[in-house]
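A short write-up of the structure that comes next.
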Amino acid sequence: MSYNGGGDILLGGLSTFNMQHGFVEALVRGYRSGFLSDTDYHHMTQCDNLEDVKMNLQETDYDTFLNSESSITPAVIEAKALSKLVNEFFYFRANAVEPLSTFMDYISYEYMIENVMLLLRGTLSGRNINELIAQCHPLGMFKESTMRNIPSFEANPRGYADLYETVLVDTPVGPYFQTYLEQSSASISAASEVRNVLEEVQIEILKNSLMKLYLEDFYSFCERLGGETAEVMCGLLRARADRAAINITLNSFGTPLNDATMRDTERKKLYPSIGELYPAGTELLSKADDDVKLGQAVSSFPQYHSIFEKFLNSSPEEFSIDDEFYKREVRMYELAFESQMHFGCVYAYVKLKEQEIRNLVWISECILQRRKDQISNFIPVFSTSAEWRAESTRRGAGH
């Protein structure tokens with residue numbers, strides 16, 4: 001689950017970092033030039049159909065990635081763009097050495113957790129395994145035999161023991177599952193205990209628990225890396241942890257997790273023990289039982305105060321809290337490229353490319369549904385007209 005280098009991991013300084021990691025960092029910074037520009041987005045928003053989108057993308061870094069497709073849909077665009085990102089990621093990974101290679105493995109662990117959760121959901125609902133595997137994120141794939149074993153266990157204690165052994169042990173994220181089961185069950189060695197945990201705990205609670213363990217472990221690893229990597233990455237992961245805590249609270253409203261007896265126990269356990277909100281803010285979040293109290297809980301944190309002020313004074317049609325978090329994260333990921341000799345730019349590249357893919361899907365869906373009035377509601381990457389850049393420019397002009 002983690003790099004066993006022992007103690008602090010020396011990445012090298014100004015004169016030695018590039019000897020081991022300079023090539024991969026240079027690749028990532030070079031690939032940055034391939035992000036869609038404001039002009040590219042403008043051209044796409046003027047398209048009348050998806051064939052026009054395909055033609056416009058041929059003039060960008062995406063080139064002819066859709067040429068083999070006879071029928072273009074938003075799903076096809078998403079799949080092909082994601083495949084391009086995955087190929088780039090594995091190219092970076094093939095040229096990485098320790099500890100950068102382990103750092104990149106950590107990036108993939110998030111998607112492994114998502115894939116296992118997808119397969120577990122499908123197992124409980126009886127969905128076809130081939131359909132489920134097709135929906136799995138390509139950055140989080142593991143052995144196909146393991147994936148196919150997940151829904152193959154029998155509905156008896158021995159079958160659930162086999163599930164634990166094949167899924168929870170044999171995957172790279174197995175230690176997170178093991179830790180969760182140890183915390184949730186008196187004895188994970190008993191098959192009946194494993195069965196009770198998987199059947200009785202809601203899938204979303206299980207997923208949030210695993211993501212909490214993952215974020216805390218990744219944060220600890222980045223701290224050990226030290227230097228600029230620790231400074232950049234720990235800041236990014238703290239923001240991820242804060243968003244997780246806020247979303248867990250927000251999504252619990254109207255569910256059993258918002259009951260008085262559950263708020264301060266089960267829900268509180270899901271909050272990561274890192275982040276700007278931890279521990280004072282998460283303690284306040286554990287008491288919140290509606291939107292107003294949630295807003296009050298984060299009101300003393302400037303980075304979230306303005307978001308929730310808009311949230312509480314707007315209708316769902318006017319304001320998306322997810323979009324506000326995406327905007328904040330895009331800014332942080334872009335700023336990760338402003339400093340040198342650290343691993344954070346690799347993580348930021350993957351996350352910014354994911355945002356670009358979301359933009360492509362949004363534009364494609366709006367064209368398909370004839371919703372040109374909504375087509376500009378996306379979050380461009382490295383945009384010269386980004387809100388935060390405009391604000392910075394105005395502040396700079398005022399001095």
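Every chain in the structure tokens takes a letter, A first, then B, and so on in the order presented; its residues are numbered from 1, and the ligands are numbered from 1 following the presented order.
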
What's the 12 Å shell around Val28 (chain A), counting only C-alpha atoms, without same-chain residues fewer than 6 positions away, as a list in words?
His21, Gly22, Gly34, Phe35, Leu85, Glu88, Phe89, Phe90, Tyr91, Phe92, Arg93, Asn95, Ala96, Ala336, Phe337, Gln340, Met341, His342, Phe343, Gly344, Cys345, Val346, Tyr347, Ala348, Tyr349, Val350, Leu352 and Lys353 of chain A

Excluding Ala230 (chain A) and any residue of its chain fewer than 6 positions from it, enumerate the residues within 10 Å of it, using only C-alpha atoms, and give them as JSON, numbers by chain.
{"A": [219, 220, 221, 222, 223, 224, 236, 342, 343, 344]}

Can I get the residues of region 103-179 of chain A within 10 Å of region 211-215 of chain A, each with the closest pair of atoms and their distance in Å to one decimal, using only C-alpha atoms, sorted chain first then ascending number, as a Markdown table?
```
| residue | atom | partner | partner_atom | distance |
| --- | --- | --- | --- | --- |
| A:Tyr106 | CA | A:Tyr214 | CA | 8.5 |
| A:Tyr109 | CA | A:Tyr214 | CA | 7.8 |
| A:Glu110 | CA | A:Tyr214 | CA | 7.3 |
| A:Ile113 | CA | A:Met211 | CA | 7.6 |
| A:Glu114 | CA | A:Met211 | CA | 9.1 |
| A:Val173 | CA | A:Tyr214 | CA | 8.5 |
| A:Pro175 | CA | A:Leu213 | CA | 9.4 |
| A:Tyr176 | CA | A:Leu213 | CA | 6.2 |
| A:Phe177 | CA | A:Leu213 | CA | 9.0 |
| A:Thr179 | CA | A:Leu213 | CA | 8.2 |
```

Go ahead and compute the interatomic distance for CA of Thr384 (chain A) and CA of Ile307 (chain A), in Å to one decimal.
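Straight-line distance from CA of Thr384 (chain A) to CA of Ile307 (chain A) works out to 22.4 Å.
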
Please, what distance in Å, to one decimal, runs between CA of Asp291 (chain A) and CA of Leu250 (chain A)?
7.2 Å

Ranking A:Ser286, A:Gln183, A:Ser299, A:Ser339 by minimum distance to Glu228 (chain A) and counting only C-alpha atoms, which one comes first?
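So, comparing all the options, the nearest one is A:Ser339.
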
Quick check for you: according to DSSP on this backbone, which residues of region 135-322 of chain A are classed as helix (DSSP H, G or I)? Reply as a ChimeraX atom specification.
/A:135,138-140,144-152,157-169,174-184,191-200,203-225,227-252,256-258,260-269,280-285,291-298,302-312,321-322

So that each row is one residue of region 252-360 of chain A with an atom at most 10 Å from region 36-42 of chain A, can you give its shortest atom pair and the distance in Å to one decimal, using only C-alpha atoms, rows by chain and rising number, as a tab-separated table?
```
residue	atom	partner	partner_atom	distance
A:Lys353	CA	A:Leu36	CA	9.8
A:Glu356	CA	A:Leu36	CA	7.7
A:Asn359	CA	A:Tyr41	CA	9.0
A:Leu360	CA	A:Tyr41	CA	8.9
```

Quick one: write out the picked residues with all heavy atoms as a tab-separated table (two decimals), in the first residue's frame?
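Final output, result.tsv:
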```
chain	number	residue	atom	x	y	z
A	353	LYS	N	-7.09	17.02	-16.71
A	353	LYS	CA	-7.57	16.32	-17.90
A	353	LYS	C	-8.97	15.75	-17.66
A	353	LYS	O	-9.81	15.74	-18.57
A	353	LYS	CB	-6.59	15.20	-18.28
A	353	LYS	CG	-5.48	15.64	-19.19
A	353	LYS	CD	-6.01	16.11	-20.55
A	353	LYS	CE	-4.91	16.59	-21.47
A	353	LYS	NZ	-5.45	17.06	-22.78
A	356	GLU	N	-11.28	18.52	-18.23
A	356	GLU	CA	-11.42	18.78	-19.67
A	356	GLU	C	-12.37	17.77	-20.31
A	356	GLU	O	-13.18	18.13	-21.17
A	356	GLU	CB	-10.05	18.73	-20.34
A	356	GLU	CG	-10.08	19.07	-21.82
A	356	GLU	CD	-8.69	19.20	-22.40
A	356	GLU	OE1	-8.11	18.16	-22.80
A	356	GLU	OE2	-8.16	20.33	-22.46
A	359	ASN	N	-15.80	18.71	-19.56
A	359	ASN	CA	-16.20	19.82	-20.44
A	359	ASN	C	-16.64	19.31	-21.80
A	359	ASN	O	-17.65	19.78	-22.35
A	359	ASN	CB	-15.03	20.79	-20.60
A	359	ASN	CG	-14.67	21.51	-19.31
A	359	ASN	OD1	-15.45	21.53	-18.35
A	359	ASN	ND2	-13.49	22.09	-19.26
A	360	LEU	N	-15.89	18.37	-22.37
A	360	LEU	CA	-16.24	17.82	-23.68
A	360	LEU	C	-17.61	17.13	-23.64
A	360	LEU	O	-18.42	17.29	-24.56
A	360	LEU	CB	-15.17	16.82	-24.12
A	360	LEU	CG	-13.82	17.39	-24.58
A	360	LEU	CD1	-12.83	16.27	-24.82
A	360	LEU	CD2	-14.00	18.22	-25.85
```

Polymer residues at most 9 Å from Leu57 (chain A), only C-alpha atoms, same-chain spacing of 5 or more positions, as a PyMOL selection string:
chain A and resi 36+40+44+52+62-66

Can you write just those residues out, all heavy atoms, as an mmCIF file, in the first residue's frame?
```cif
data_model
loop_
_atom_site.group_PDB
_atom_site.id
_atom_site.type_symbol
_atom_site.label_atom_id
_atom_site.label_comp_id
_atom_site.auth_asym_id
_atom_site.auth_seq_id
_atom_site.Cartn_x
_atom_site.Cartn_y
_atom_site.Cartn_z
ATOM 1 N N LEU A 36 -7.090 22.066 -24.234
ATOM 2 C CA LEU A 36 -7.906 22.880 -25.136
ATOM 3 C C LEU A 36 -7.834 24.351 -24.730
ATOM 4 O O LEU A 36 -7.902 24.681 -23.542
ATOM 5 C CB LEU A 36 -9.360 22.401 -25.103
ATOM 6 C CG LEU A 36 -9.611 20.987 -25.618
ATOM 7 C CD1 LEU A 36 -11.074 20.595 -25.391
ATOM 8 C CD2 LEU A 36 -9.252 20.866 -27.102
ATOM 9 N N ASP A 40 -10.447 27.054 -28.838
ATOM 10 C CA ASP A 40 -10.973 25.713 -29.143
ATOM 11 C C ASP A 40 -12.380 25.544 -28.577
ATOM 12 O O ASP A 40 -13.287 25.033 -29.249
ATOM 13 C CB ASP A 40 -10.061 24.629 -28.559
ATOM 14 C CG ASP A 40 -8.682 24.612 -29.211
ATOM 15 O OD1 ASP A 40 -8.595 24.935 -30.401
ATOM 16 O OD2 ASP A 40 -7.695 24.276 -28.508
ATOM 17 N N MET A 44 -16.059 24.971 -30.530
ATOM 18 C CA MET A 44 -16.940 23.836 -30.255
ATOM 19 C C MET A 44 -18.338 24.283 -29.852
ATOM 20 O O MET A 44 -19.329 23.638 -30.203
ATOM 21 C CB MET A 44 -16.329 22.941 -29.171
ATOM 22 C CG MET A 44 -15.222 22.037 -29.689
ATOM 23 S SD MET A 44 -14.763 20.769 -28.502
ATOM 24 C CE MET A 44 -14.025 21.762 -27.214
ATOM 25 N N ASP A 52 -19.424 18.040 -36.278
ATOM 26 C CA ASP A 52 -18.679 19.308 -36.276
ATOM 27 C C ASP A 52 -17.693 19.353 -35.114
ATOM 28 O O ASP A 52 -16.568 19.869 -35.248
ATOM 29 C CB ASP A 52 -19.646 20.491 -36.182
ATOM 30 C CG ASP A 52 -20.475 20.679 -37.450
ATOM 31 O OD1 ASP A 52 -20.106 20.075 -38.475
ATOM 32 O OD2 ASP A 52 -21.490 21.394 -37.383
ATOM 33 N N TYR A 62 -6.145 16.487 -29.566
ATOM 34 C CA TYR A 62 -6.909 15.243 -29.681
ATOM 35 C C TYR A 62 -6.800 14.642 -31.082
ATOM 36 O O TYR A 62 -7.047 13.453 -31.274
ATOM 37 C CB TYR A 62 -8.382 15.488 -29.325
ATOM 38 C CG TYR A 62 -8.597 15.627 -27.834
ATOM 39 C CD1 TYR A 62 -8.637 16.878 -27.229
ATOM 40 C CD2 TYR A 62 -8.743 14.503 -27.030
ATOM 41 C CE1 TYR A 62 -8.812 17.011 -25.863
ATOM 42 C CE2 TYR A 62 -8.919 14.621 -25.656
ATOM 43 C CZ TYR A 62 -8.957 15.888 -25.076
ATOM 44 O OH TYR A 62 -9.130 16.014 -23.722
ATOM 45 N N ASP A 63 -6.467 15.469 -32.060
ATOM 46 C CA ASP A 63 -6.174 15.019 -33.417
ATOM 47 C C ASP A 63 -7.284 14.106 -33.961
ATOM 48 O O ASP A 63 -8.452 14.474 -33.948
ATOM 49 C CB ASP A 63 -4.815 14.322 -33.425
ATOM 50 C CG ASP A 63 -4.240 14.166 -34.829
ATOM 51 O OD1 ASP A 63 -4.629 14.954 -35.714
ATOM 52 O OD2 ASP A 63 -3.415 13.266 -35.031
ATOM 53 N N THR A 64 -6.925 12.922 -34.406
ATOM 54 C CA THR A 64 -7.889 12.029 -35.068
ATOM 55 C C THR A 64 -8.380 10.915 -34.139
ATOM 56 O O THR A 64 -8.639 9.798 -34.576
ATOM 57 C CB THR A 64 -7.250 11.401 -36.310
ATOM 58 O OG1 THR A 64 -6.066 10.686 -35.920
ATOM 59 C CG2 THR A 64 -6.886 12.457 -37.331
ATOM 60 N N PHE A 65 -8.508 11.216 -32.841
ATOM 61 C CA PHE A 65 -8.845 10.158 -31.887
ATOM 62 C C PHE A 65 -10.248 9.590 -32.099
ATOM 63 O O PHE A 65 -10.579 8.532 -31.578
ATOM 64 C CB PHE A 65 -8.655 10.650 -30.450
ATOM 65 C CG PHE A 65 -9.802 11.453 -29.883
ATOM 66 C CD1 PHE A 65 -10.417 11.078 -28.688
ATOM 67 C CD2 PHE A 65 -10.271 12.595 -30.529
ATOM 68 C CE1 PHE A 65 -11.460 11.812 -28.162
ATOM 69 C CE2 PHE A 65 -11.307 13.336 -30.002
ATOM 70 C CZ PHE A 65 -11.909 12.938 -28.806
ATOM 71 N N LEU A 66 -11.087 10.268 -32.887
ATOM 72 C CA LEU A 66 -12.443 9.777 -33.148
ATOM 73 C C LEU A 66 -12.609 9.217 -34.567
ATOM 74 O O LEU A 66 -13.712 8.843 -34.959
ATOM 75 C CB LEU A 66 -13.459 10.905 -32.937
ATOM 76 C CG LEU A 66 -13.676 11.376 -31.498
ATOM 77 C CD1 LEU A 66 -14.573 12.607 -31.475
ATOM 78 C CD2 LEU A 66 -14.277 10.270 -30.645
#
```

Quick one: residues within 9 Å of Glu365 (chain A), only C-alpha atoms counted, chain neighbours fewer than 6 positions away excluded, as a list in words?
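The residues satisfying every condition are Thr73, Pro74, Arg371 and Ile375 of chain A.
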
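Counting from CA of Leu294 (chain A), the distance to CA of Lys207 (chain A) is 22.0 Å.
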
Within 10 Å of Glu329 (chain A) using only C-alpha atoms, minus same-chain residues under 2 positions, as number ranges by chain
A: 236, 239-240, 243, 323-327, 331-335, 348, 351-352, 355

Residues at most 9 Å from Ile107 (chain A), counting only C-alpha atoms, excluding those fewer than 4 positions away in the same chain, as a VMD selection string?
chain A and resid 102 to 103 111 139 218 347 350

Find the residues near Phe319 (chain A): any atom within 12 Å, counting only C-alpha atoms, skip ones fewer than 6 places away on the same chain, and give them as a CSV table (one decimal) with C-alpha atoms, in the first residue's frame.
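Saved as part38.csv:
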```csv
chain,number,residue,atom,x,y,z
A,307,ILE,CA,-19.3,29.2,-1.6
A,308,PHE,CA,-22.0,28.4,1.0
A,309,GLU,CA,-23.2,32.0,1.1
A,310,LYS,CA,-24.1,31.7,-2.6
A,311,PHE,CA,-25.4,28.2,-1.9
A,312,LEU,CA,-27.8,29.3,0.8
A,313,ASN,CA,-29.1,32.3,-1.2
A,325,PHE,CA,-15.7,23.0,-5.8
A,377,ASN,CA,-21.6,26.4,-18.3
```

Return the single residue from A:Ala280, A:Ile274, A:Ile246, A:Ile367 that is closest to Gly295 (chain A), with distances computed using only C-alpha atoms.
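Selected residue with least distance to Gly295 (chain A): A:Ile246.
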